[in-house]
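Okay, coords.csv now, which holds CSV, C-alpha atoms and all ligand atoms:
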```
chain,number,residue,atom,x,y,z
A,1,MET,CA,0.1,218.5,-60.8
A,2,ILE,CA,2.8,216.0,-61.8
A,3,LYS,CA,1.6,214.6,-65.1
A,4,PHE,CA,2.0,211.1,-66.3
A,5,ALA,CA,3.1,212.4,-69.7
A,6,ASP,CA,3.6,215.9,-71.0
A,7,LEU,CA,4.2,216.0,-74.7
A,8,ASN,CA,4.0,219.8,-74.8
A,9,LEU,CA,6.9,220.2,-72.4
A,10,GLN,CA,8.8,217.5,-74.2
A,11,ILE,CA,9.0,219.5,-77.5
A,12,ARG,CA,9.5,223.0,-76.1
A,13,ASP,CA,13.1,223.3,-77.4
A,14,ILE,CA,12.4,221.7,-80.8
A,15,LYS,CA,9.0,223.2,-81.5
A,16,LYS,CA,10.4,225.7,-84.0
A,17,GLU,CA,12.2,223.0,-85.9
A,18,ILE,CA,9.0,220.9,-86.0
A,19,LEU,CA,7.0,223.9,-87.3
A,20,ASN,CA,9.6,224.4,-89.9
A,21,THR,CA,9.5,220.9,-91.2
A,22,ILE,CA,5.7,221.0,-91.3
A,23,SER,CA,5.8,224.2,-93.2
A,24,LYS,CA,8.3,222.8,-95.7
A,25,THR,CA,6.1,219.7,-96.2
A,26,ILE,CA,3.1,221.9,-96.9
A,27,ASP,CA,5.1,224.0,-99.3
A,28,ASN,CA,6.4,221.0,-101.3
A,29,SER,CA,3.1,219.1,-100.9
A,30,ALA,CA,4.9,215.7,-100.6
A,31,PHE,CA,2.4,214.3,-98.0
A,32,VAL,CA,2.6,210.6,-98.8
A,33,GLY,CA,6.1,209.2,-99.6
A,34,GLY,CA,8.8,211.8,-99.8
A,35,GLU,CA,12.2,212.7,-98.6
A,36,ASN,CA,11.5,212.7,-94.8
A,37,VAL,CA,10.3,209.1,-94.9
A,38,LYS,CA,13.5,208.0,-96.6
A,39,ILE,CA,15.6,209.9,-94.2
A,40,PHE,CA,13.8,208.5,-91.2
A,41,GLU,CA,14.0,204.9,-92.4
A,42,ASN,CA,17.7,205.3,-93.1
A,43,ASN,CA,18.5,207.0,-89.7
A,44,PHE,CA,16.4,204.6,-87.6
A,45,LYS,CA,17.8,201.5,-89.1
A,46,LYS,CA,21.3,202.9,-88.7
A,47,ASP,CA,20.7,203.8,-85.1
A,48,LEU,CA,19.5,200.2,-84.4
A,49,ASN,CA,22.2,198.7,-86.5
A,50,ALA,CA,19.7,196.9,-88.7
A,51,LYS,CA,19.7,196.4,-92.5
A,52,TYR,CA,16.1,197.4,-93.4
A,53,CYS,CA,13.5,199.7,-92.0
A,54,LEU,CA,10.0,200.3,-93.5
A,55,GLY,CA,7.9,203.1,-92.2
A,56,VAL,CA,4.2,202.1,-91.8
A,57,ALA,CA,1.0,203.8,-90.5
A,58,ASN,CA,1.2,202.6,-86.8
A,59,GLY,CA,2.6,199.9,-84.6
A,60,THR,CA,-0.4,197.6,-84.9
A,61,ASP,CA,-0.1,197.6,-88.7
A,62,ALA,CA,3.6,196.9,-88.3
A,63,LEU,CA,2.7,193.7,-86.4
A,64,GLU,CA,0.0,192.7,-88.8
A,65,ILE,CA,2.2,193.2,-91.8
A,66,ALA,CA,5.3,191.6,-90.3
A,67,ILE,CA,3.3,188.5,-89.3
A,68,GLU,CA,1.8,188.3,-92.8
A,69,SER,CA,5.2,188.5,-94.4
A,70,LEU,CA,6.4,185.3,-92.7
A,71,ASN,CA,3.8,183.0,-94.4
A,72,LEU,CA,3.2,181.1,-91.2
A,73,LYS,CA,1.3,177.8,-91.5
A,74,LYS,CA,-2.5,178.4,-91.8
A,75,ASN,CA,-4.2,178.0,-88.4
A,76,SER,CA,-0.9,177.5,-86.6
A,77,GLU,CA,-0.4,178.9,-83.1
A,78,VAL,CA,1.6,182.0,-82.2
A,79,LEU,CA,2.8,182.5,-78.6
A,80,VAL,CA,1.9,185.8,-77.2
A,81,PRO,CA,2.5,187.1,-73.7
A,82,VAL,CA,-0.7,187.6,-71.8
A,83,ASN,CA,0.5,190.9,-70.4
A,84,THR,CA,0.8,193.3,-73.3
A,85,TRP,CA,-1.2,195.9,-75.2
A,86,ILE,CA,-4.0,194.2,-77.2
A,87,SER,CA,-2.4,194.9,-80.6
A,88,THR,CA,0.1,192.0,-80.1
A,89,ALA,CA,-2.8,189.5,-80.1
A,90,GLU,CA,-5.0,191.4,-82.5
A,91,ALA,CA,-2.3,191.2,-85.2
A,92,VAL,CA,-2.1,187.4,-84.9
A,93,ILE,CA,-5.9,186.9,-85.1
A,94,ARG,CA,-6.2,189.3,-88.0
A,95,ASN,CA,-3.8,187.0,-89.8
A,96,ASN,CA,-6.1,184.1,-89.2
A,97,LEU,CA,-3.7,182.5,-86.8
A,98,LYS,CA,-4.3,181.2,-83.3
A,99,VAL,CA,-3.1,183.1,-80.2
A,100,LYS,CA,-1.7,181.0,-77.5
A,101,PHE,CA,-1.2,183.0,-74.3
A,102,VAL,CA,2.0,182.6,-72.3
A,103,ASP,CA,2.2,183.6,-68.7
A,104,ILE,CA,4.8,186.1,-67.5
A,105,ASP,CA,7.9,186.1,-65.3
A,106,ASP,CA,7.1,187.3,-61.8
A,107,ASN,CA,10.1,189.6,-61.6
A,108,THR,CA,10.3,191.2,-65.1
A,109,TYR,CA,6.6,190.9,-66.1
A,110,LEU,CA,7.8,189.7,-69.5
A,111,ILE,CA,6.9,186.5,-71.4
A,112,SER,CA,7.9,183.5,-69.2
A,113,LEU,CA,10.6,181.3,-70.8
A,114,ASP,CA,9.4,178.3,-68.7
A,115,ASP,CA,5.8,178.8,-69.9
A,116,ILE,CA,7.0,179.3,-73.6
A,117,ARG,CA,8.6,175.8,-73.3
A,118,LYS,CA,5.3,174.4,-71.9
A,119,LYS,CA,3.1,176.0,-74.5
A,120,ILE,CA,5.0,174.9,-77.6
A,121,THR,CA,3.2,172.2,-79.6
A,122,LYS,CA,3.6,170.7,-83.1
A,123,ASN,CA,1.3,173.4,-84.3
A,124,THR,CA,3.3,176.4,-83.0
A,125,SER,CA,4.8,178.6,-85.7
A,126,ALA,CA,6.1,181.7,-84.0
A,127,ILE,CA,6.8,183.6,-80.8
A,128,ILE,CA,6.2,187.3,-80.2
A,129,PRO,CA,8.4,188.5,-77.3
A,130,VAL,CA,7.2,191.9,-76.2
A,131,HIS,CA,9.9,194.1,-74.6
A,132,LEU,CA,7.3,195.5,-72.3
A,133,TYR,CA,7.7,198.7,-70.3
A,134,GLY,CA,11.1,199.2,-72.1
A,135,TYR,CA,12.8,196.1,-70.6
A,136,PRO,CA,14.3,193.6,-73.1
A,137,CYS,CA,13.3,190.0,-73.1
A,138,LYS,CA,16.1,187.4,-72.7
A,139,MET,CA,16.6,187.2,-76.5
A,140,ASP,CA,19.4,184.7,-76.5
A,141,GLU,CA,17.2,182.1,-74.6
A,142,ILE,CA,14.2,182.9,-76.8
A,143,LEU,CA,16.2,182.5,-80.0
A,144,LYS,CA,17.6,179.2,-78.7
A,145,ILE,CA,14.1,177.9,-78.1
A,146,ALA,CA,12.9,179.2,-81.5
A,147,LYS,CA,15.8,177.5,-83.3
A,148,LYS,CA,15.2,174.2,-81.6
A,149,HIS,CA,11.5,174.2,-82.5
A,150,LYS,CA,11.9,176.0,-85.9
A,151,LEU,CA,9.8,178.9,-84.8
A,152,LYS,CA,9.8,182.4,-86.3
A,153,VAL,CA,10.4,185.3,-83.9
A,154,ILE,CA,8.6,188.6,-84.2
A,155,GLU,CA,9.9,191.2,-81.7
A,156,ASP,CA,7.3,193.7,-80.4
A,157,CYS,CA,9.5,196.8,-79.6
A,158,ALA,CA,6.6,199.3,-79.4
A,159,GLN,CA,7.7,200.2,-75.8
A,160,ALA,CA,11.4,199.7,-76.1
A,161,HIS,CA,13.1,202.1,-78.6
A,162,PHE,CA,16.9,201.9,-78.0
A,163,ALA,CA,16.6,199.2,-75.2
A,164,GLU,CA,19.5,196.8,-75.4
A,165,TYR,CA,20.2,193.2,-74.6
A,166,LYS,CA,23.8,192.3,-74.2
A,167,SER,CA,24.8,195.6,-75.9
A,168,LYS,CA,22.6,194.9,-79.0
A,169,LYS,CA,19.5,197.0,-79.6
A,170,VAL,CA,16.1,195.3,-79.4
A,171,GLY,CA,14.6,194.9,-82.8
A,172,THR,CA,17.7,193.3,-84.3
A,173,PHE,CA,17.3,189.8,-82.8
A,174,GLY,CA,14.2,188.3,-84.4
A,175,ASP,CA,13.2,187.5,-87.9
A,176,VAL,CA,11.3,190.8,-88.0
A,177,SER,CA,10.6,193.5,-85.4
A,178,CYS,CA,7.9,196.1,-85.0
A,179,PHE,CA,7.9,199.6,-83.5
A,180,SER,CA,5.2,202.0,-82.7
A,181,PHE,CA,5.6,205.8,-82.7
A,182,PHE,CA,2.3,206.5,-81.0
A,183,PRO,CA,2.7,210.0,-79.5
A,184,GLY,CA,3.3,208.8,-75.9
A,185,LYS,CA,6.0,206.3,-76.8
A,186,ASN,CA,9.7,207.0,-76.0
A,187,LEU,CA,9.9,208.1,-79.7
A,188,GLY,CA,6.5,209.4,-80.6
A,189,ALA,CA,5.1,211.1,-83.7
A,190,MET,CA,2.3,213.7,-83.6
A,191,GLY,CA,-0.2,211.2,-84.7
A,192,ASP,CA,0.0,207.5,-85.5
A,193,ALA,CA,3.2,206.0,-87.0
A,194,GLY,CA,5.2,202.7,-86.9
A,195,ALA,CA,8.0,200.8,-88.5
A,196,ILE,CA,9.1,197.3,-89.4
A,197,ILE,CA,12.8,196.4,-88.9
A,198,THR,CA,14.5,193.3,-90.4
A,199,ASN,CA,17.8,192.1,-91.6
A,200,SER,CA,16.2,190.0,-94.4
A,201,LYS,CA,15.8,191.6,-97.8
A,202,LYS,CA,13.0,189.1,-98.6
A,203,ILE,CA,11.0,190.0,-95.5
A,204,HIS,CA,11.5,193.7,-96.1
A,205,THR,CA,10.4,193.5,-99.7
A,206,LYS,CA,7.3,191.4,-98.8
A,207,CYS,CA,6.4,193.9,-96.0
A,208,LYS,CA,6.8,196.8,-98.4
A,209,MET,CA,4.6,195.1,-101.0
A,210,ILE,CA,1.9,194.3,-98.4
A,211,ALA,CA,1.9,197.9,-97.1
A,212,ASN,CA,1.8,199.4,-100.6
A,213,HIS,CA,-1.2,197.7,-102.3
A,214,GLY,CA,0.8,194.6,-103.2
A,215,GLY,CA,3.5,196.2,-105.3
A,216,LEU,CA,6.8,198.1,-105.2
A,217,LYS,CA,5.9,200.6,-107.9
A,218,LYS,CA,2.8,202.6,-108.7
A,219,ASN,CA,0.1,200.6,-110.5
A,220,SER,CA,2.0,197.4,-109.8
A,221,HIS,CA,-0.2,194.9,-107.8
A,222,ILE,CA,1.6,191.6,-107.6
A,223,ILE,CA,-0.1,190.4,-104.4
A,224,ILE,CA,-3.2,191.5,-102.5
A,225,GLY,CA,-1.9,194.2,-100.2
A,226,ARG,CA,-3.3,197.1,-98.2
A,227,ASN,CA,-2.4,200.7,-97.5
A,228,SER,CA,-0.2,201.4,-94.5
A,229,ARG,CA,2.3,204.1,-94.9
A,230,LEU,CA,4.3,206.4,-92.7
A,231,ASP,CA,3.4,209.9,-93.9
A,232,ASN,CA,5.9,212.6,-94.7
A,233,LEU,CA,4.7,215.0,-92.0
A,234,GLN,CA,5.1,212.4,-89.3
A,235,ALA,CA,8.5,211.3,-90.7
A,236,GLY,CA,9.7,214.9,-90.6
A,237,ILE,CA,8.7,215.2,-86.9
A,238,LEU,CA,10.2,211.8,-86.1
A,239,ASN,CA,13.5,212.9,-87.7
A,240,ILE,CA,13.8,215.8,-85.3
A,241,LYS,CA,12.7,213.8,-82.3
A,242,LEU,CA,15.0,210.9,-83.1
A,243,LYS,CA,18.0,213.2,-82.6
A,244,LYS,CA,16.8,213.7,-79.0
A,245,LEU,CA,16.1,210.1,-78.2
A,246,ASN,CA,19.4,209.3,-76.6
A,247,PHE,CA,19.1,212.3,-74.3
A,248,TRP,CA,15.5,211.6,-73.4
A,249,THR,CA,16.4,207.9,-72.7
A,250,LYS,CA,19.1,209.1,-70.3
A,251,GLN,CA,16.6,211.3,-68.5
A,252,ARG,CA,14.3,208.3,-68.1
A,253,ILE,CA,17.1,206.2,-66.7
A,254,LYS,CA,18.1,209.0,-64.4
A,255,ASN,CA,14.5,209.3,-63.1
A,256,ALA,CA,14.4,205.6,-62.5
A,257,GLY,CA,17.6,205.8,-60.5
A,258,ILE,CA,16.0,208.5,-58.3
A,259,TYR,CA,13.0,206.3,-57.7
A,260,GLU,CA,15.3,203.4,-56.8
A,261,LYS,CA,17.3,205.5,-54.4
A,262,PHE,CA,14.3,206.7,-52.4
A,263,LEU,CA,12.0,203.7,-52.6
A,264,ASN,CA,14.3,200.7,-52.3
A,265,GLN,CA,14.0,200.6,-48.5
A,266,ASN,CA,10.2,200.4,-48.7
A,267,LYS,CA,9.1,196.9,-47.9
A,268,ASN,CA,5.6,197.4,-49.4
A,269,ILE,CA,7.0,197.9,-52.9
A,270,VAL,CA,8.7,195.8,-55.5
A,271,LEU,CA,10.8,197.9,-57.8
A,272,PRO,CA,11.5,197.1,-61.5
A,273,VAL,CA,14.5,194.7,-62.0
A,274,HIS,CA,17.3,195.6,-64.3
A,275,GLU,CA,20.1,193.2,-64.9
A,276,SER,CA,23.5,194.4,-66.0
A,277,LYS,CA,23.3,192.8,-69.4
A,278,SER,CA,20.0,194.6,-70.2
A,279,LYS,CA,19.5,198.3,-70.9
A,280,HIS,CA,16.0,199.2,-69.6
A,281,VAL,CA,14.7,202.4,-71.3
A,282,TYR,CA,11.8,202.8,-68.9
A,283,HIS,CA,8.9,203.5,-71.2
A,284,LEU,CA,7.0,202.8,-68.1
A,285,TYR,CA,8.0,202.6,-64.4
A,286,VAL,CA,6.0,199.8,-63.1
A,287,ILE,CA,6.1,198.9,-59.4
A,288,LYS,CA,4.2,196.2,-57.5
A,289,VAL,CA,2.5,197.5,-54.4
A,290,LYS,CA,0.3,196.6,-51.4
A,291,GLN,CA,-3.0,198.4,-51.1
A,292,ARG,CA,-3.0,199.6,-54.7
A,293,SER,CA,-6.4,201.3,-54.9
A,294,LYS,CA,-5.7,203.3,-51.7
A,295,LEU,CA,-2.3,204.3,-52.8
A,296,ILE,CA,-3.6,205.5,-56.2
A,297,ARG,CA,-6.3,207.5,-54.5
A,298,PHE,CA,-3.7,209.0,-52.2
A,299,LEU,CA,-1.3,210.0,-55.0
A,300,ASN,CA,-4.1,211.4,-57.2
A,301,LYS,CA,-5.4,213.4,-54.3
A,302,ASN,CA,-1.9,214.8,-54.0
A,303,ASN,CA,-1.9,215.8,-57.7
A,304,ILE,CA,0.2,212.9,-58.9
A,305,GLN,CA,-1.1,211.1,-62.0
A,306,THR,CA,-0.7,207.4,-62.2
A,307,SER,CA,-1.7,204.6,-64.5
A,308,ILE,CA,-1.9,200.8,-64.8
A,309,HIS,CA,-0.4,198.7,-67.6
A,310,TYR,CA,-2.5,196.7,-67.8
A,311,PRO,CA,-5.6,196.5,-65.5
A,312,LYS,CA,-6.8,193.4,-67.4
A,313,ILE,CA,-4.5,190.7,-68.8
A,314,LEU,CA,-5.4,189.9,-72.4
A,315,SER,CA,-7.1,186.5,-71.6
A,316,GLU,CA,-9.7,188.5,-69.6
A,317,VAL,CA,-10.6,191.2,-72.1
A,318,PRO,CA,-14.0,190.5,-73.7
A,319,ALA,CA,-12.7,190.2,-77.3
A,320,LEU,CA,-10.2,187.5,-76.3
A,321,LYS,CA,-12.1,185.6,-73.7
A,322,LYS,CA,-12.8,182.7,-76.1
A,323,ILE,CA,-9.1,181.8,-76.3
A,324,THR,CA,-8.5,178.6,-74.3
A,325,GLY,CA,-5.8,178.0,-71.7
A,326,LYS,CA,-6.8,180.7,-69.3
A,327,ASN,CA,-6.4,178.4,-66.3
A,328,SER,CA,-2.7,178.1,-67.0
A,329,ILE,CA,-2.2,181.9,-66.6
A,330,ILE,CA,-1.4,182.5,-62.9
A,331,THR,CA,1.4,185.0,-62.4
A,332,ALA,CA,0.1,187.6,-64.8
A,333,LYS,CA,-3.3,187.5,-63.2
A,334,GLN,CA,-1.9,188.0,-59.7
A,335,ASN,CA,0.4,190.8,-60.8
A,336,SER,CA,-2.3,192.7,-62.7
A,337,LYS,CA,-4.0,193.4,-59.4
A,338,LYS,CA,-0.8,194.8,-57.8
A,339,ILE,CA,1.0,196.8,-60.4
A,340,ILE,CA,1.0,200.6,-60.8
A,341,SER,CA,2.8,202.8,-63.3
A,342,LEU,CA,4.4,205.9,-61.9
A,343,PRO,CA,5.3,209.0,-64.0
A,344,ILE,CA,8.8,208.5,-65.5
A,345,GLY,CA,9.0,210.6,-68.7
A,346,GLU,CA,11.8,213.0,-69.7
A,347,HIS,CA,9.4,215.9,-68.7
A,348,LEU,CA,10.1,215.2,-65.0
A,349,ASN,CA,12.9,216.6,-62.9
A,350,GLU,CA,14.6,215.3,-59.8
A,351,THR,CA,12.5,217.4,-57.4
A,352,GLN,CA,9.3,216.0,-58.8
A,353,ILE,CA,10.4,212.4,-58.6
A,354,LYS,CA,11.5,213.0,-55.0
A,355,ILE,CA,8.0,214.4,-54.2
A,356,ILE,CA,6.4,211.3,-55.5
A,357,CYS,CA,8.8,209.0,-53.5
A,358,LYS,CA,8.2,211.1,-50.4
A,359,LEU,CA,4.4,210.7,-50.8
A,360,ILE,CA,4.6,207.0,-51.3
A,361,ASN,CA,6.8,206.5,-48.3
A,362,LYS,CA,4.5,208.7,-46.2
A,363,PHE,CA,1.5,206.7,-47.4
A,364,TYR,CA,3.0,203.4,-46.1
A,365,ASN,CA,4.3,205.0,-42.9
A,366,HIS,CA,0.8,205.9,-42.1
A,367,THR,CA,-1.0,202.8,-43.2
A,368,THR,CA,1.4,200.0,-42.0
B,401,LIG,C1,3.3,196.5,-76.8
B,401,LIG,C2,2.6,197.2,-77.9
B,401,LIG,N1,2.5,196.6,-79.0
B,401,LIG,C3,1.9,197.3,-80.1
B,401,LIG,C4,1.4,198.5,-80.0
B,401,LIG,C5,0.6,199.1,-81.1
B,401,LIG,O1,1.1,200.4,-81.6
B,401,LIG,P1,0.2,201.5,-82.2
B,401,LIG,O2,-0.6,202.1,-81.1
B,401,LIG,O3,1.1,202.4,-82.9
B,401,LIG,O4,-0.7,200.8,-83.2
B,401,LIG,C6,1.6,199.2,-78.8
B,401,LIG,C7,1.1,200.6,-78.6
B,401,LIG,O5,0.4,201.0,-77.8
B,401,LIG,C8,2.2,198.6,-77.7
B,401,LIG,O6,2.4,199.2,-76.5
```
Please re-express this file's structure in structure tokens.
Amino acid sequence: MIKFADLNLQIRDIKKEILNTISKTIDNSAFVGGENVKIFENNFKKDLNAKYCLGVANGTDALEIAIESLNLKKNSEVLVPVNTWISTAEAVIRNNLKVKFVDIDDNTYLISLDDIRKKITKNTSAIIPVHLYGYPCKMDEILKIAKKHKLKVIEDCAQAHFAEYKSKKVGTFGDVSCFSFFPGKNLGAMGDAGAIITNSKKIHTKCKMIANHGGLKKNSHIIIGRNSRLDNLQAGILNIKLKKLNFWTKQRIKNAGIYEKFLNQNKNIVLPVHESKSKHVYHLYVIKVKQRSKLIRFLNKNNIQTSIHYPKILSEVPALKKITGKNSIITAKQNSKKIISLPIGEHLNETQIKIICKLINKFYNHTT
């Protein structure tokens, strides 16, 4: 069986270190707050080359809190790509703001710059570019548009740890940026975890207050906040995994290269694009295919796990159906019927990727 993800295999050479940090945390009983959290926030912001990092409970909270920190105009519209995980839209709605869905680019599957321009109105207050699948959005263009229309930019980096655009890490372009460390992410905890990155002291302080019951110290409640903290156990695990992230990212890029080498002659498949100015970190390896259901069945029958990200675009999920403007979403809808995610994680070796390629090529040789 070639698994889509294998978190057990991923940590086989750091398991002892992880058990050690868990044991130490139990011994010192610093479960909320604590040294590991400080170390992680420090190391992660340094790795990204950002000024501030705040650990929070998960990536969805990171988005919710980051949006709240910007004090966007009540009832204003936030531009959200229609092809993303639901959290991106949920966080907007939970802030009592309006989601305006933006179609995607046919080649990158990322938020369409043309459609951003079409969707901006006088009531637009922010854009959330999502670096989906690990591929960076064209941040210079997005920042130009945002500046022209005085819009805030919240980067959703949940799938793009250490991805780069023009040699700068994602998460350092917008006003504020959000990361998820859900276990299956490129950098994943052993439970839920997330972080908010910014270069603004004001935004960082506001996020910190929101996430800590409205204050910066115990028993200080200046504003109405909530509880969303990165816990010390998860931070300890993340500290160990963060040291491996560059290596794991290289593995993912190498795996993508093998797919490209063995699938690029296949006319039934569209492979992911990667321009020279962008560093794709391949959280997911998404290809566009003909006869999708048949191919998935064939691969599954041959013990290859696959997935779809996402089978339904957000304008079609029941909770978001009421949002208007569905008719303007064309490209994302078409693509959602053709895309498939192949295994790409650092747990895979060259032989396994070659087996997957061979099977895909065999499938099309027989069916076309
Ligand atoms: C694009 C995107 N945004 C936000 C999130 C939310 O992160 P979390 O699951 O940590 O709440 C995810 C995670 O699945 C995601 O993929």
| request: Record the distance separating CA of Gly174 (chain A) and CA of Ala189 (chain A), expressed in Å with one decimal. | output: 24.6 Å
Test item: residues at most 6 Å from region 119-136 of chain A, only C-alpha atoms, excluding those fewer than 2 positions along its chain, as a PDB file with C-alpha atoms, in the coordinates of the input:
```pdb
ATOM      1  CA  SER A  76      -0.900 177.500 -86.600  1.00  0.00           C
ATOM      2  CA  GLU A  77      -0.400 178.900 -83.100  1.00  0.00           C
ATOM      3  CA  VAL A  78       1.600 182.000 -82.200  1.00  0.00           C
ATOM      4  CA  LEU A  79       2.800 182.500 -78.600  1.00  0.00           C
ATOM      5  CA  VAL A  80       1.900 185.800 -77.200  1.00  0.00           C
ATOM      6  CA  ILE A 116       7.000 179.300 -73.600  1.00  0.00           C
ATOM      7  CA  ARG A 117       8.600 175.800 -73.300  1.00  0.00           C
ATOM      8  CA  LEU A 151       9.800 178.900 -84.800  1.00  0.00           C
ATOM      9  CA  LYS A 152       9.800 182.400 -86.300  1.00  0.00           C
ATOM     10  CA  VAL A 153      10.400 185.300 -83.900  1.00  0.00           C
ATOM     11  CA  ILE A 154       8.600 188.600 -84.200  1.00  0.00           C
ATOM     12  CA  GLU A 155       9.900 191.200 -81.700  1.00  0.00           C
ATOM     13  CA  ASP A 156       7.300 193.700 -80.400  1.00  0.00           C
ATOM     14  CA  CYS A 157       9.500 196.800 -79.600  1.00  0.00           C
ATOM     15  CA  GLN A 159       7.700 200.200 -75.800  1.00  0.00           C
ATOM     16  CA  ALA A 160      11.400 199.700 -76.100  1.00  0.00           C
ATOM     17  CA  HIS A 280      16.000 199.200 -69.600  1.00  0.00           C
ATOM     18  CA  VAL A 281      14.700 202.400 -71.300  1.00  0.00           C
ATOM     19  CA  TYR A 282      11.800 202.800 -68.900  1.00  0.00           C
ATOM     20  CA  HIS A 283       8.900 203.500 -71.200  1.00  0.00           C
ATOM     21  CA  LEU A 284       7.000 202.800 -68.100  1.00  0.00           C
TER      22      LEU A 284
END
```
| message | Residues within 8 Å of region 200-213 of chain A, please, as number ranges by chain. Count all atoms listed in the file; anything in the same chain fewer than 2 positions from it doesn't count. | response | A: 51-54, 56, 65-66, 68-70, 175-176, 196-198, 215-216, 221, 223-229
| request: Please provide the set of residues having any atom within 6 Å of Gly194 (chain A), restricted to only C-alpha atoms, with same-chain residues fewer than 3 positions apart removed, written as a PyMOL selection string. | output: chain A and resi 55-59+179-181
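For the set A:Glu316, A:Asp115, A:Glu141, A:Glu350, the residue with the smallest atom-to-atom gap to Ile258 (chain A) is A:Glu350, counting all atoms listed in the file.
For the choices A:Ser23, A:Asn300, A:Thr88, A:Thr367, the atom-to-atom distance to ligand LIG 401 (chain B) is smallest for A:Thr88 when using all atoms listed in the file.
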| task | Might you pull out every residue within 12 Å of Ile86 (chain A), with all atoms listed in the file counted and same-chain residues fewer than 6 positions away left off, and present them as a PyMOL selection string? | result | chain A and resi 59-60+63+80+92-93+99+101+130+156+158+309-310+312-320
| request: May I ask which of the residues A:Glu90, A:Asp27, A:Asp106, A:Asp6 is the closest one to Gln305 (chain A), counting only C-alpha atoms? | output: A:Asp6
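For the pair CA of Asp105 (chain A) and CA of Gln291 (chain A), the interatomic distance is 21.7 Å.
Going from CA of Ile142 (chain A) to CA of Thr108 (chain A) covers 14.9 Å.
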| task | May I have the residues within 10 Å of region 295-299 of chain A as a PyMOL selection string, using all atoms listed in the file and disregarding those fewer than 2 positions away in the same chain? | result | chain A and resi 2+289-293+301-308+340-342+356+359-360+363-364+367
